[in-house]
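Structure data (compact mmCIF, C-alpha atoms) from start_16.txt:
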# COMPACT_ATOMS: atom_id res chain seq x y z
CA VAL A 259 118.74 117.03 144.80
CA ARG A 260 115.45 118.45 143.52
CA PRO A 261 115.04 117.40 139.86
CA LYS A 262 112.61 120.26 139.15
CA VAL A 263 115.32 122.75 140.13
CA LEU A 264 117.61 121.43 137.41
CA VAL A 265 114.74 121.70 134.91
CA GLU A 266 114.29 125.30 136.00
CA PHE A 267 118.02 125.93 135.70
CA ARG A 268 118.07 124.60 132.16
CA LYS A 269 115.08 126.79 131.34
CA HIS A 270 116.92 129.78 132.84
CA SER A 271 119.84 129.17 130.48
CA GLY A 272 117.47 130.01 127.62
CA SER A 273 115.63 132.87 129.30
CA THR A 274 115.31 136.35 127.84
CA LEU A 275 115.79 137.68 131.39
CA GLY A 276 119.44 136.68 131.20
CA GLY A 277 120.03 139.79 129.10
CA PHE A 278 119.78 141.91 132.24
CA PHE A 279 123.06 140.34 133.39
CA GLY A 280 124.98 140.46 130.12
CA ALA A 281 127.58 142.95 131.32
CA ALA A 282 128.76 140.44 133.93
CA ALA A 283 130.74 139.02 131.01
CA PHE A 284 132.97 142.10 131.26
CA ASP A 285 135.10 139.91 133.52
CA GLU A 286 136.50 138.52 130.25
CA VAL A 287 138.25 141.80 129.39
CA ALA A 288 139.76 142.06 132.86
CA LEU A 289 142.29 139.61 131.40
CA VAL A 290 144.53 142.08 129.60
CA PRO A 291 145.33 140.01 126.47
CA VAL A 292 141.58 139.51 125.92
CA ALA A 293 141.04 143.26 126.28
CA ALA A 294 143.85 143.90 123.78
CA ALA A 295 142.33 141.51 121.25
CA VAL A 296 138.78 142.84 121.55
CA ASP A 297 139.98 146.44 121.48
CA LYS A 298 141.99 145.91 118.30
CA THR A 299 139.04 144.55 116.29
CA GLY A 300 137.18 147.83 116.75
CA ARG A 301 133.82 146.05 116.70
CA PHE A 302 133.16 146.90 120.32
CA ALA A 303 133.69 150.59 119.62
CA ALA A 304 131.53 150.48 116.49
CA ASN A 305 128.47 148.97 118.24
CA PHE A 306 129.06 146.89 121.35
CA ALA A 307 125.39 145.91 121.45
CA ASP A 308 125.96 144.03 118.18
CA ARG A 309 128.93 142.22 119.68
CA GLY A 310 126.81 141.25 122.67
CA VAL A 311 124.11 139.89 120.36
CA ARG A 312 126.65 137.82 118.41
CA SER A 313 128.24 136.40 121.57
CA GLY A 314 124.88 135.68 123.15
CA PHE A 315 123.48 133.96 120.08
CA SER A 316 126.59 131.81 119.78
CA ALA A 317 126.46 130.77 123.44
CA LEU A 318 122.75 129.98 123.22
CA LEU A 319 123.37 127.84 120.16
CA ALA A 320 125.96 125.90 122.18
CA ILE A 321 123.43 125.34 124.96
CA TRP A 322 120.26 124.74 122.96
CA GLY A 323 121.38 123.53 119.53
CA ASP A 324 121.31 119.87 118.59
CA ALA A 325 124.52 117.84 118.70
CA THR A 326 125.39 118.55 115.06
CA ASP A 327 124.87 122.29 115.35
CA LYS A 328 126.83 122.51 118.60
CA VAL A 329 129.87 120.91 116.98
CA ALA A 330 129.49 123.02 113.84
CA GLU A 331 129.35 126.23 115.89
CA ALA A 332 132.35 125.21 117.98
CA ASP A 333 134.36 124.38 114.85
CA ARG A 334 133.36 127.72 113.28
CA LEU A 335 134.51 129.64 116.35
CA LYS A 336 137.84 127.81 116.55
CA THR A 337 138.51 128.36 112.86
CA MET A 338 137.66 132.07 112.93
CA HIS A 339 139.65 132.70 116.10
CA ARG A 340 142.84 131.47 114.42
CA GLU A 341 143.03 134.95 112.90
CA VAL A 342 142.82 136.63 116.31
CA ARG A 343 146.47 136.84 117.22
CA GLY A 344 149.20 139.44 117.28
CA ARG A 345 149.92 142.60 119.24
CA GLY A 346 147.51 145.19 120.60
CA ILE A 347 147.33 148.88 119.76
CA GLY A 348 147.22 152.08 121.80
CA ASP A 349 147.20 151.27 125.51
CA PHE A 350 147.88 147.63 124.62
CA ALA A 351 150.73 148.14 122.14
CA ASP A 352 153.05 145.96 124.21
CA VAL A 353 150.51 143.16 124.76
CA ARG A 354 150.68 140.02 122.64
CA TYR A 355 147.70 137.68 122.41
CA SER A 356 146.38 134.59 120.69
CA ALA A 357 142.69 133.77 121.04
CA LEU A 358 143.40 130.02 120.88
CA ASP A 359 145.77 130.21 123.84
CA PRO A 360 143.97 127.93 126.37
CA LYS A 361 144.52 130.55 129.08
CA LEU A 362 142.39 133.06 127.17
CA TRP A 363 140.00 130.59 125.59
CA ASN A 364 139.08 128.82 128.84
CA TRP A 365 138.70 132.07 130.76
CA ILE A 366 136.07 133.25 128.27
CA ALA A 367 134.25 129.90 128.39
CA VAL A 368 134.18 129.80 132.20
CA SER A 369 133.04 133.42 132.27
CA GLY A 370 130.07 132.51 130.09
CA MET A 371 129.10 129.59 132.31
CA PHE A 372 129.40 131.69 135.46
CA VAL A 373 127.09 134.38 134.06
CA VAL A 374 124.38 131.72 133.69
CA LEU A 375 125.12 130.16 137.09
CA ASN A 376 125.35 133.41 139.03
CA SER A 377 122.22 134.94 137.51
CA PHE A 378 119.99 131.93 138.28
CA THR A 379 118.98 132.83 141.84
CA PRO A 380 118.53 136.58 141.13
CA CYS A 381 116.29 135.70 138.16
CA THR A 382 114.24 132.93 139.74
CA GLY A 383 114.52 133.22 143.51
CA ILE A 384 115.60 129.55 143.65
CA VAL A 385 118.68 128.93 145.80
CA LEU A 386 120.82 126.01 144.66
CA THR A 387 122.27 123.52 147.13
CA ASP A 388 125.93 122.61 146.69
CA ALA A 389 124.95 119.35 144.99
CA GLU A 390 122.53 121.13 142.66
CA ARG A 391 125.16 123.70 141.76
CA GLU A 392 127.53 120.91 140.77
CA LEU A 393 124.85 119.35 138.56
CA ALA A 394 123.95 122.72 137.05
CA TYR A 395 127.62 123.28 136.19
CA ALA A 396 127.82 119.79 134.71
CA GLN A 397 124.81 120.67 132.54
CA LEU A 398 126.61 123.72 131.16
CA LEU A 399 129.92 121.89 130.82
CA GLU A 400 128.27 119.26 128.65
CA ALA A 401 126.74 122.00 126.48
CA PHE A 402 130.13 123.71 126.06
CA SER A 403 132.18 120.53 125.69
CA ALA A 404 132.54 120.93 121.90
CA LEU A 405 134.33 124.23 122.54
CA GLU A 406 137.19 122.61 124.46
CA LEU A 407 140.56 122.88 122.79
CA PRO A 408 142.57 119.68 122.17
CA GLY A 409 145.07 118.57 124.78
CA LYS A 410 144.72 117.46 128.39
CA SER A 411 146.05 120.77 129.72
CA ALA A 412 143.40 122.70 127.76
CA LYS A 413 140.40 121.03 129.41
CA LEU A 414 137.77 123.16 131.12
CA PRO A 415 137.39 122.66 134.90
CA ALA A 416 135.67 119.30 135.41
CA THR A 417 133.54 120.32 138.41
CA TYR A 418 132.02 123.47 139.84
CA ALA A 419 134.42 123.28 142.79
CA GLU A 420 137.37 123.25 140.39
CA ALA A 421 135.83 126.05 138.34
CA GLU A 422 135.34 128.18 141.45
CA ASP A 423 138.97 127.65 142.50
CA TYR A 424 140.11 128.48 138.97
CA TYR A 425 138.01 131.66 138.92
CA GLU A 426 139.35 132.82 142.30
CA SER A 427 142.90 132.14 141.15
CA MET A 428 142.36 134.22 138.00
CA VAL A 429 140.96 137.12 140.03
CA THR A 430 143.88 137.01 142.46
CA ASN A 431 146.74 136.42 140.07
CA GLU A 432 145.84 137.35 136.50
CA LEU A 433 143.12 139.99 136.14
CA GLN A 434 143.93 143.69 136.03
CA ALA A 435 142.25 147.04 135.71
CA ASN A 436 142.74 148.38 132.20
CA ALA A 437 141.58 151.23 130.02
CA PHE A 438 139.33 149.09 127.85
CA LEU A 439 137.47 147.52 130.79
CA GLN A 440 136.88 150.91 132.36
CA ARG A 441 135.81 152.46 129.06
CA VAL A 442 133.16 149.83 128.30
CA THR A 443 131.86 150.13 131.86
CA LEU A 444 131.33 153.87 131.39
CA ASP A 445 129.72 153.27 128.00
CA LEU A 446 126.98 151.08 129.47
CA THR A 447 124.81 154.16 129.96
CA ARG A 448 125.28 154.98 126.26
CA LEU A 449 124.05 151.66 124.93
CA PRO A 450 123.50 151.72 121.15
CA LEU A 451 120.58 149.90 119.60
CA PRO A 452 121.76 146.70 117.90
CA THR A 453 121.67 146.59 114.11
CA LEU A 454 121.63 142.78 113.88
CA VAL A 455 118.15 141.95 115.19
CA LEU A 456 116.26 145.14 114.35
CA PRO A 457 115.10 145.94 110.79
CA ALA A 458 116.40 149.34 109.67
CA PRO A 459 112.93 151.04 109.61
CA LEU A 460 112.18 149.82 113.15
CA ARG A 461 115.61 150.93 114.34
CA ARG A 462 115.03 154.43 112.96
CA LEU A 463 111.64 154.53 114.68
CA LEU A 464 113.04 153.42 118.03
CA THR A 465 116.16 155.59 118.05
CA PRO A 466 114.64 158.89 119.37
CA PRO A 467 112.91 157.33 122.43
CA TRP A 468 115.90 155.05 122.99
CA LEU A 469 118.25 158.04 123.29
CA VAL A 470 116.06 159.24 126.16
CA LEU A 471 115.68 155.85 127.83
CA ARG A 472 119.16 154.38 127.42
CA PRO A 473 120.81 156.07 130.44
CA VAL A 474 118.22 154.39 132.67
CA ALA A 475 118.36 151.08 130.78
CA GLY A 476 122.15 151.08 130.92
CA HIS A 477 122.08 151.80 134.65
CA VAL A 478 119.70 148.90 135.30
CA LEU A 479 121.90 146.62 133.20
CA LYS A 480 124.99 147.78 135.11
CA VAL A 481 123.44 147.20 138.55
CA CYS A 482 122.04 143.77 137.63
CA SER A 483 125.28 142.66 135.99
CA PHE A 484 127.64 144.01 138.60
CA GLY A 485 125.38 142.66 141.33
CA ILE A 486 126.47 139.14 140.33
CA LEU A 487 130.03 140.07 139.37
CA HIS A 488 132.89 139.02 141.61
CA PRO A 489 133.63 142.00 143.93
CA GLY A 490 137.31 141.82 143.03
CA ILE A 491 136.50 142.29 139.35
CA ARG A 492 133.87 144.91 140.08
CA ASP A 493 136.57 147.01 141.73
CA LEU A 494 138.70 146.77 138.57
CA THR A 495 135.96 148.33 136.42
CA GLY A 496 136.15 151.70 138.12
CA PHE A 497 132.48 151.49 139.11
CA ARG A 498 132.01 152.23 142.79
CA TRP A 499 129.45 149.86 144.29
CA GLU A 500 127.61 151.49 147.20
CA SER A 501 124.96 150.34 149.68
CA ARG A 502 122.22 151.93 147.57
CA HIS A 503 123.16 149.59 144.75
CA ASP A 504 122.43 146.62 147.03
CA LEU A 505 118.91 147.98 147.50
CA GLU A 506 118.51 148.59 143.76
CA PHE A 507 119.76 145.11 142.96
CA ALA A 508 117.28 143.56 145.41
CA LEU A 509 114.43 145.54 143.82
CA TYR A 510 115.35 144.51 140.28
CA CYS A 511 115.63 140.88 141.41
CA CYS A 512 112.09 141.03 142.87
CA VAL A 513 110.78 142.31 139.53
CA LEU A 514 112.66 139.65 137.56
CA GLN A 515 111.47 136.87 139.87
CA LEU A 516 107.88 138.03 139.46
CA ALA A 517 108.37 137.98 135.68
CA TRP A 518 109.82 134.46 135.94
CA ARG A 519 106.69 133.25 137.72
CA VAL A 520 104.02 134.95 135.60
CA LEU A 521 105.33 135.37 132.05
CA PRO A 522 104.43 132.73 129.47
CA ASP A 523 107.26 130.82 127.83
CA LYS A 524 106.58 132.72 124.61
CA LEU A 525 107.96 135.83 126.29
CA LEU A 526 110.25 134.24 128.85
CA LEU A 527 112.32 132.00 126.57
CA ILE A 528 114.34 132.68 123.46
CA PRO A 529 112.76 130.96 120.41
CA LEU A 530 115.49 128.31 120.13
CA ALA A 531 115.02 127.21 123.75
CA ARG A 532 111.25 127.26 123.49
CA ASN A 533 111.39 125.23 120.29
CA ARG A 534 113.72 122.67 121.87
CA ILE A 535 111.56 122.26 124.98
CA GLU A 536 108.40 121.90 122.88
CA TYR A 537 110.17 119.31 120.72
CA GLU A 538 111.23 117.31 123.78
CA GLU A 539 107.68 117.42 125.16
CA LEU A 540 106.31 116.16 121.84
CA VAL A 541 108.86 113.34 121.77
CA HIS A 542 107.69 112.37 125.26
CA VAL A 543 104.07 112.28 124.04
CA HIS A 544 105.01 110.07 121.10
CA ARG A 545 106.91 107.68 123.33
CA SER A 546 104.18 107.58 125.96
CA VAL A 547 101.93 105.48 123.72
CA ALA A 548 104.61 102.90 122.90
CA LEU A 549 104.42 99.34 124.20
CA ASP A 550 106.90 98.22 126.83
CA SER A 551 107.41 94.94 125.02
CA PHE A 552 106.47 93.25 121.76
CA ALA A 553 106.33 89.86 123.49
CA PRO A 554 102.90 88.20 123.84
CA PRO A 555 101.03 89.24 126.99
CA ALA A 556 101.45 87.00 129.99
CA GLY A 557 99.00 84.09 129.82
CA CYS A 558 98.40 84.51 126.10
CA PRO A 559 98.35 81.08 124.44
CA ALA A 560 101.25 80.53 122.06
CA ARG A 561 100.33 80.45 118.39

For the structure just supplied, provide its representation as C-alpha cells.
Amino acid sequence: VRPKVLVEFRKHSGSTLGGFFGAAAFDEVALVPVAAAVDKTGRFAANFADRGVRSGFSALLAIWGDATDKVAEADRLKTMHREVRGRGIGDFADVRYSALDPKLWNWIAVSGMFVVLNSFTPCTGIVLTDAERELAYAQLLEAFSALELPGKSAKLPATYAEAEDYYESMVTNELQANAFLQRVTLDLTRLPLPTLVLPAPLRRLLTPPWLVLRPVAGHVLKVCSFGILHPGIRDLTGFRWESRHDLEFALYCCVLQLAWRVLPDKLLLIPLARNRIEYEELVHVHRSVALDSFAPPAGCPAR
C-alpha cells in the first residue's frame, strides 16, 4: 500500500474537479421509489443545479467536517427525511416510498461513495490496487458512518468487496429504467445556473453567455459522468454510449489529470477541504516542536 496514494485519494474527495462527474449520482434515481420521491418534491424540476449543490455540500460536510458537524449534519438529514414518505404522482402514482427505508437510504449513500471512488483514477491518473481501494472505501465509510440508520440490518457494506457485490446486485435485481431518470438525462444539456452560490447580480450577468455554453458544458458533464457509471445503469438512462464517447472521455480525463498536477490547492480544493488540510498541517507544526518526554535527560544528575 502506498500511503501517498491514500493522501491523494482523500484530497480528491474534496476536489472541485469532482463536479465533472456529478451526474454519475443519477444511479440513485434508477431505483424507482427514489425517483418517485425526488420527482414529487418538484425541486429537481425547478432547478436541478440547486439540488446538486445542496447534495454536494451536504456530502462534503460529511467528509470534511469535524466530528461534531458530521453528526449534526447526519441528524439533520435523518430528521428532515422523515417527511419524505408517501405515494408518487404522475408516472409514479402507484409507487410508495419512505426515504428512511434502509433499502433507499443505503443505496443513496453507497452511490455517493462510488462517485468519489470511481472518479479518482479519471481525475488523477492514479490507479488503485485492490488493497488501496479497500482502504479508500474504509476512508469514505468512516466519513459517512454518522449517516447509518440504527439496526444491524441497516448497516452500510463493511468493505469495498461487499459494497461492490451489493452494487452489482442492485443493478441486476432492483434498478429500472423510468421516466424521471430519462428526463433528467436529457435535461443535462439544459443545465440551469444555480441560485444558491451565485449572487443575483452575477447570475443575471452570466445568464446570456451560459445559455450559449450550457449545451457544451452539459455534454461534457454527461460524458464524464456516464464514463464512470455502471454500463447497466447507463443503458437505463436512454443515453446511447458509442465508441466516440470513449475517445471523448479519454480526452477529458487527460485535461483533468493535467489540472490535478498543475493547479494550486486554492483552485483545486473546495474551501472546507483546503481549510481542513491547512489546519492539520498547522497542528503537525505545533506538535513537531514538542518534547518526547518530560523526564530528565539521560545522564542528568538527579536534583

With stretch 426-445 of chain A as the partner and 12 Å as the cut-off, tabulate the residues of stretch 351-379 of chain A that qualify, each row holding the nearest pair of atoms and their distance in Å to one decimal, using all atoms listed in the file, sorted by chain and rising number, as a Markdown table.
| residue | atom | partner | partner_atom | distance |
| --- | --- | --- | --- | --- |
| A:Val353 | CA | A:Asn436 | CA | 12.0 |
| A:Lys361 | CA | A:Met428 | CA | 9.9 |
| A:Leu362 | CA | A:Glu432 | CA | 10.8 |
| A:Asn364 | CA | A:Met428 | CA | 11.1 |
| A:Trp365 | CA | A:Met428 | CA | 8.4 |
| A:Ile366 | CA | A:Met428 | CA | 11.6 |
| A:Val368 | CA | A:Met428 | CA | 11.0 |
| A:Ser369 | CA | A:Met428 | CA | 11.0 |

Using only C-alpha atoms, please write the residues we just selected to a file, as an mmCIF file, in the frame of the given file.
data_model
loop_
_atom_site.group_PDB
_atom_site.id
_atom_site.type_symbol
_atom_site.label_atom_id
_atom_site.label_comp_id
_atom_site.auth_asym_id
_atom_site.auth_seq_id
_atom_site.Cartn_x
_atom_site.Cartn_y
_atom_site.Cartn_z
ATOM 1 C CA VAL A 353 150.510 143.160 124.760
ATOM 2 C CA LYS A 361 144.520 130.550 129.080
ATOM 3 C CA LEU A 362 142.390 133.060 127.170
ATOM 4 C CA ASN A 364 139.080 128.820 128.840
ATOM 5 C CA TRP A 365 138.700 132.070 130.760
ATOM 6 C CA ILE A 366 136.070 133.250 128.270
ATOM 7 C CA VAL A 368 134.180 129.800 132.200
ATOM 8 C CA SER A 369 133.040 133.420 132.270
#

Q.
If we count only C-alpha atoms and set the cut-off at 12 Å, which residues sit around A:Ile486, ignoring sequence neighbours fewer than 4 positions away in its own chain? Please answer as a ChimeraX atom specification.
A. /A:276,278-285,369,372-381,479-482,490-492,499,503-504,507-508,511

Q: Would you work out the distance separating atom CA of A:Ser411 from atom CA of A:Tyr355, expressed in Å to one decimal?
A: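 Result for atom CA of A:Ser411 versus atom CA of A:Tyr355: 18.5 Å, one decimal.
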
Q.
With distances taken over only C-alpha atoms, which residue among A:Lys413, A:Arg312, A:Arg502, A:Arg391 lies nearest A:Pro360?
A.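 Closest residue, counting only C-alpha atoms: A:Lys413.
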
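The space between atom CA of A:Ala517 and atom CA of A:Ile384 spans 13.7 Å.
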
Q.
As an exercise, work out the distance from atom CA of A:Val342 to atom CA of A:Glu286 in Å and give it to one decimal place.
A. 15.4 Å

Q) Any idea what's packed within 12 Å of A:Ile535, counting all atoms listed in the file, ignoring anything in its chain fewer than 4 positions away? Could you give it as number ranges by chain? A) A: 265-266, 268-269, 272, 322-324, 523-524, 527-531, 539-542

Q) Which residue out of A:Glu506, A:Asp423, A:Glu331, A:Asp297 has the minimum interatomic distance to A:Ser313 when all atoms listed in the file are used? A)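 Ranked by minimum distance to A:Ser313, first place goes to A:Glu331.
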
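Minimum atom-to-atom distance to A:Glu422, evaluated using only C-alpha atoms, belongs to A:Met371 out of A:Ser551, A:Pro408, A:Glu390, A:Met371.
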
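All residues of protein, DNA or RNA that reach within 12 Å of A:Ala325, judged by all atoms listed in the file and not counting those fewer than 3 positions away in the chain, are Leu319, Ala320, Ile321, Trp322, Lys328, Val329, Ala330, Glu331, Ala332, Glu400, Ala401, Phe402, Ser403 and Ala404 of chain A.
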
(Q) Taking only C-alpha atoms into account, name the residue in A:Leu463, A:Leu405, A:Leu446, A:Leu398 that is nearest to A:Phe484. (A)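 Ranked by minimum distance to A:Phe484, first place goes to A:Leu446.
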
May I have the protein, DNA and RNA residues with any atom at most 8 Å from the point (141.8, 138.5, 125.3), counting all atoms listed in the file, written as a tab-separated table (two decimals) with C-alpha atoms, keeping the file's coordinate frame?
chain	number	residue	atom	x	y	z
A	286	GLU	CA	136.50	138.52	130.25
A	287	VAL	CA	138.25	141.80	129.39
A	289	LEU	CA	142.29	139.61	131.40
A	290	VAL	CA	144.53	142.08	129.60
A	291	PRO	CA	145.33	140.01	126.47
A	292	VAL	CA	141.58	139.51	125.92
A	293	ALA	CA	141.04	143.26	126.28
A	294	ALA	CA	143.85	143.90	123.78
A	295	ALA	CA	142.33	141.51	121.25
A	296	VAL	CA	138.78	142.84	121.55
A	355	TYR	CA	147.70	137.68	122.41
A	356	SER	CA	146.38	134.59	120.69
A	357	ALA	CA	142.69	133.77	121.04
A	362	LEU	CA	142.39	133.06	127.17

Within 10 Å of A:Arg519, counting all atoms listed in the file, which residues qualify if same-chain residues fewer than 5 places away don't, as a CSV table (one decimal) with C-alpha atoms, keeping the file's coordinate frame?
chain,number,residue,atom,x,y,z
A,381,CYS,CA,116.3,135.7,138.2
A,382,THR,CA,114.2,132.9,139.7
A,383,GLY,CA,114.5,133.2,143.5
A,514,LEU,CA,112.7,139.6,137.6
A,526,LEU,CA,110.2,134.2,128.8

May I have the residues within 8 Å of A:Val259 as a short mmCIF file (atom, residue, chain, number, x, y, z; two decimals) with C-alpha atoms, in the frame of the given file, using all atoms listed in the file and disregarding those fewer than 2 positions away in the same chain?
data_model
loop_
_atom_site.label_atom_id
_atom_site.label_comp_id
_atom_site.auth_asym_id
_atom_site.auth_seq_id
_atom_site.Cartn_x
_atom_site.Cartn_y
_atom_site.Cartn_z
CA PRO A 261 115.04 117.40 139.86
CA THR A 387 122.27 123.52 147.13
CA ALA A 389 124.95 119.35 144.99
CA GLU A 390 122.53 121.13 142.66
#

**Q.** Residue nearest A:Ala394 among A:Ala367, A:Val520, A:Leu275, A:Leu264 (counting all atoms listed in the file)
**A.** A:Leu264

Q.
Counting only C-alpha atoms, I want the residues whose atoms come within 10 Å of (147.4, 145.6, 115.6) in the file frame, returned as number ranges by chain.
A. A: 294-295, 297-299, 343-348, 350-351, 353-354

Could you add whatever atoms are missing so that stretch 502-521 of chain A carries N, CA, C and O atoms, then write the result as a JSON list (two decimals), in the coordinates of the input?
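This went into rebuild_37.json:
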[["chain", "number", "residue", "atom", "x", "y", "z"],
["A", 502, "ARG", "N", 123.47, 151.70, 148.31],
["A", 502, "ARG", "CA", 122.22, 151.93, 147.57],
["A", 502, "ARG", "C", 122.10, 150.97, 146.39],
["A", 502, "ARG", "O", 120.99, 150.63, 145.97],
["A", 503, "HIS", "N", 123.21, 150.54, 145.87],
["A", 503, "HIS", "CA", 123.16, 149.59, 144.75],
["A", 503, "HIS", "C", 122.68, 148.22, 145.22],
["A", 503, "HIS", "O", 122.03, 147.50, 144.46],
["A", 504, "ASP", "N", 122.98, 147.86, 146.48],
["A", 504, "ASP", "CA", 122.43, 146.62, 147.03],
["A", 504, "ASP", "C", 120.91, 146.68, 147.06],
["A", 504, "ASP", "O", 120.23, 145.69, 146.74],
["A", 505, "LEU", "N", 120.37, 147.82, 147.45],
["A", 505, "LEU", "CA", 118.91, 147.98, 147.50],
["A", 505, "LEU", "C", 118.32, 147.94, 146.09],
["A", 505, "LEU", "O", 117.28, 147.31, 145.86],
["A", 506, "GLU", "N", 118.97, 148.62, 145.15],
["A", 506, "GLU", "CA", 118.51, 148.59, 143.76],
["A", 506, "GLU", "C", 118.53, 147.17, 143.21],
["A", 506, "GLU", "O", 117.57, 146.72, 142.57],
["A", 507, "PHE", "N", 119.62, 146.48, 143.47],
["A", 507, "PHE", "CA", 119.76, 145.11, 142.96],
["A", 507, "PHE", "C", 118.64, 144.23, 143.51],
["A", 507, "PHE", "O", 118.04, 143.43, 142.77],
["A", 508, "ALA", "N", 118.35, 144.35, 144.80],
["A", 508, "ALA", "CA", 117.28, 143.56, 145.41],
["A", 508, "ALA", "C", 115.94, 143.88, 144.76],
["A", 508, "ALA", "O", 115.12, 142.98, 144.52],
["A", 509, "LEU", "N", 115.69, 145.15, 144.47],
["A", 509, "LEU", "CA", 114.43, 145.54, 143.82],
["A", 509, "LEU", "C", 114.32, 144.95, 142.43],
["A", 509, "LEU", "O", 113.29, 144.38, 142.07],
["A", 510, "TYR", "N", 115.39, 145.06, 141.64],
["A", 510, "TYR", "CA", 115.35, 144.51, 140.28],
["A", 510, "TYR", "C", 115.17, 142.99, 140.32],
["A", 510, "TYR", "O", 114.46, 142.42, 139.47],
["A", 511, "CYS", "N", 115.78, 142.33, 141.30],
["A", 511, "CYS", "CA", 115.63, 140.88, 141.41],
["A", 511, "CYS", "C", 114.18, 140.51, 141.71],
["A", 511, "CYS", "O", 113.65, 139.53, 141.16],
["A", 512, "CYS", "N", 113.52, 141.29, 142.56],
["A", 512, "CYS", "CA", 112.09, 141.03, 142.87],
["A", 512, "CYS", "C", 111.25, 141.13, 141.60],
["A", 512, "CYS", "O", 110.36, 140.30, 141.37],
["A", 513, "VAL", "N", 111.53, 142.13, 140.77],
["A", 513, "VAL", "CA", 110.78, 142.31, 139.53],
["A", 513, "VAL", "C", 111.04, 141.14, 138.58],
["A", 513, "VAL", "O", 110.12, 140.59, 137.96],
["A", 514, "LEU", "N", 112.30, 140.75, 138.45],
["A", 514, "LEU", "CA", 112.66, 139.65, 137.56],
["A", 514, "LEU", "C", 112.05, 138.33, 138.03],
["A", 514, "LEU", "O", 111.56, 137.53, 137.22],
["A", 515, "GLN", "N", 112.04, 138.10, 139.33],
["A", 515, "GLN", "CA", 111.47, 136.87, 139.87],
["A", 515, "GLN", "C", 109.96, 136.82, 139.67],
["A", 515, "GLN", "O", 109.39, 135.75, 139.42],
["A", 516, "LEU", "N", 109.31, 137.96, 139.76],
["A", 516, "LEU", "CA", 107.88, 138.03, 139.46],
["A", 516, "LEU", "C", 107.65, 137.69, 137.98],
["A", 516, "LEU", "O", 106.75, 136.91, 137.64],
["A", 517, "ALA", "N", 108.48, 138.27, 137.11],
["A", 517, "ALA", "CA", 108.37, 137.98, 135.68],
["A", 517, "ALA", "C", 108.59, 136.49, 135.41],
["A", 517, "ALA", "O", 107.88, 135.89, 134.59],
["A", 518, "TRP", "N", 109.54, 135.89, 136.11],
["A", 518, "TRP", "CA", 109.82, 134.46, 135.94],
["A", 518, "TRP", "C", 108.58, 133.61, 136.26],
["A", 518, "TRP", "O", 108.30, 132.62, 135.61],
["A", 519, "ARG", "N", 107.85, 134.03, 137.28],
["A", 519, "ARG", "CA", 106.69, 133.25, 137.72],
["A", 519, "ARG", "C", 105.47, 133.46, 136.83],
["A", 519, "ARG", "O", 104.67, 132.53, 136.65],
["A", 520, "VAL", "N", 105.30, 134.65, 136.26],
["A", 520, "VAL", "CA", 104.02, 134.95, 135.60],
["A", 520, "VAL", "C", 104.09, 135.00, 134.07],
["A", 520, "VAL", "O", 103.06, 134.82, 133.41],
["A", 521, "LEU", "N", 105.27, 135.24, 133.51],
["A", 521, "LEU", "CA", 105.33, 135.37, 132.05],
["A", 521, "LEU", "C", 105.19, 134.02, 131.37],
["A", 521, "LEU", "O", 105.72, 133.02, 131.83]]
